[in-house]
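*Asks:* Sending over a structure as structure tokens; questions will come in a sec.
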Amino acid sequence: MTNRFTPLRIAAGMALALGIISTAHAGMYRYTDENGQVVISNTIPQKATKRGYDILGNNGRVIETVPPAPTKEEIAAREAEKQRQKELEIQREKDRQLLKRYSHPDQAVRAMHRKVRELEGLIQLKRGNIAVISSQLDNEQSRAADMERTGREIPEATLAKIRRLESQIRDLEREISVQNREIDELKAEFEADIRRLEEVTGEARTVSLNDSESE
């Protein structure tokens, strides 16, 4: 009877065994192909990696699971959530700073009234300055008109003074316009802070937003 285990067959068997061992050490992958079939192989197509796969050990057990690559929608959702968390943290920090300044909405209302009165006081001073300068301008213009009526030439110094007084009035009026806008912006900022304080403290204001003298 011929021995089946000839040297050639033994060598082939050893080569096969070595090949299996080498493959096992190289790593095996379990993945789902494009037809939905589970495949176990020592290689994995690039497209299959996007669907997720398992890395198997020598005993065939899963030693690591690689999740599927996120879709565009999932990436967008993650980015949106990251942005939302960032905005929440910014808002929390703003709330902390706000509560350092005011512990109750009424404190913010009173602070608003004080700031507004300061700006309104500056505006009143400038309106007073305009009145004084306007009086001076009227005098200079009346003098110049008298000169014209009598046929005299108006001195350049008088004309220069009239131009200077007119310029001063225009400058003051621009400053008043700017400060009126500042008052509007100030009120808008304070009113936003007051609403936020009502939310975070759970307390409603009791001081009027409009009546700055009711303190």
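As shown in the structure tokens, the chain order sets the letters A, B, ...; within each chain, residues go from 1, and ligands are also counted from 1 in the order they appear.
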Per residue of stretch 126-150 of chain A within 8 Å of stretch 155-163 of chain A, what are the shortest atom pair and its distance in Å to one decimal, counting only C-alpha atoms, with rows by chain and residue number, as CSV?

*Replies:*
residue,atom,partner,partner_atom,distance
A:Leu137,CA,A:Ile162,CA,6.1
A:Glu140,CA,A:Ile162,CA,6.4
A:Gln141,CA,A:Ile162,CA,7.0
A:Ala144,CA,A:Thr158,CA,7.4

*Asks:* Write a file of the just-selected residues containing C-alpha atoms, as a PDB file, in the first residue's frame.

*Replies:*
ATOM      1  CA  LEU A 137     -24.139 134.559  15.120  1.00  0.00           C
ATOM      2  CA  GLU A 140     -22.620 139.189  13.604  1.00  0.00           C
ATOM      3  CA  GLN A 141     -25.082 138.602  10.783  1.00  0.00           C
ATOM      4  CA  ALA A 144     -22.950 142.444   8.389  1.00  0.00           C
TER       5      ALA A 144
END

*Asks:* Tell me which protein, DNA and RNA residues are within 8 Å of stretch 44-46 of chain A, counting only C-alpha atoms, leaving out same-chain ones fewer than 4 positions away, and put them as a ChimeraX atom specification.

*Replies:* /A:29,31,50

*Asks:* Can those selected residues be exported to a file as an mmCIF file, in the first residue's frame so that it contains C-alpha atoms?

*Replies:*
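Saved to out_6.cif:
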data_model
loop_
_atom_site.group_PDB
_atom_site.id
_atom_site.type_symbol
_atom_site.label_atom_id
_atom_site.label_comp_id
_atom_site.auth_asym_id
_atom_site.auth_seq_id
_atom_site.Cartn_x
_atom_site.Cartn_y
_atom_site.Cartn_z
ATOM 1 C CA TYR A 29 -11.477 41.514 8.303
ATOM 2 C CA TYR A 31 -17.266 43.413 6.373
ATOM 3 C CA LYS A 50 -16.721 53.336 4.676
#

*Asks:* Looking at A:Leu99, A:Gly36, A:Ala108, A:Arg30, which one is nearest to A:Thr65, with distances taken over only C-alpha atoms?

*Replies:*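 Closest candidate: A:Arg30.
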
*Asks:* For A:Glu182, which residue out of A:Ile75, A:Tyr102, A:Ile123, A:Arg84 is the nearest one, using only C-alpha atoms?

*Replies:*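 Closest to A:Glu182 of all the choices is A:Ile123.
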
*Asks:* Report, in Å to a single decimal, how far apart atom CA of A:Gln91 and atom CA of A:Ser103 are.

*Replies:*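 Computed distance, atom CA of A:Ser103 to atom CA of A:Gln91, equals 16.9 Å.
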
*Asks:* Give the answer as one residue: which of A:Lys72, A:Ser177, A:Ile63, A:Ala48 has the shortest atom-to-atom distance to A:Asn35, using only C-alpha atoms?

*Replies:*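 Looking only at the distances to A:Asn35, the closest residue turns out to be A:Ala48.
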
*Asks:* May I ask for the distance between atom CA of A:Asn59 and atom CA of A:Thr43, given in Å to one decimal place?

*Replies:*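 Here the two named atoms are 17.3 Å from each other.
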
*Asks:* State, in Å with one decimal place, the distance from atom CA of A:Glu118 to atom CA of A:Gln136.

*Replies:*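 Taking atom CA of A:Glu118 as the start and atom CA of A:Gln136 as the end point, the length is 27.6 Å.
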
*Asks:* Choose the residue, out of A:Ile55, A:Leu165, A:Ala69, A:Val178, that has the smallest atom-to-atom separation from A:Glu120; count only C-alpha atoms.

*Replies:* A:Val178

*Asks:* Could you pull out the strand (DSSP E or B) residues of stretch 63-176 of chain A, going by DSSP on the backbone, and write them as a list of chain:residue names?

*Replies:*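 Assigned to strand (DSSP E or B), within stretch 63-176 of chain A: A:Ile63, A:Glu64, A:Thr65, A:Val66.
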
*Asks:* Stretch 1-214 of chain A: which residues are helix (DSSP H, G or I) by DSSP, as a count of residues only?

*Replies:* 145
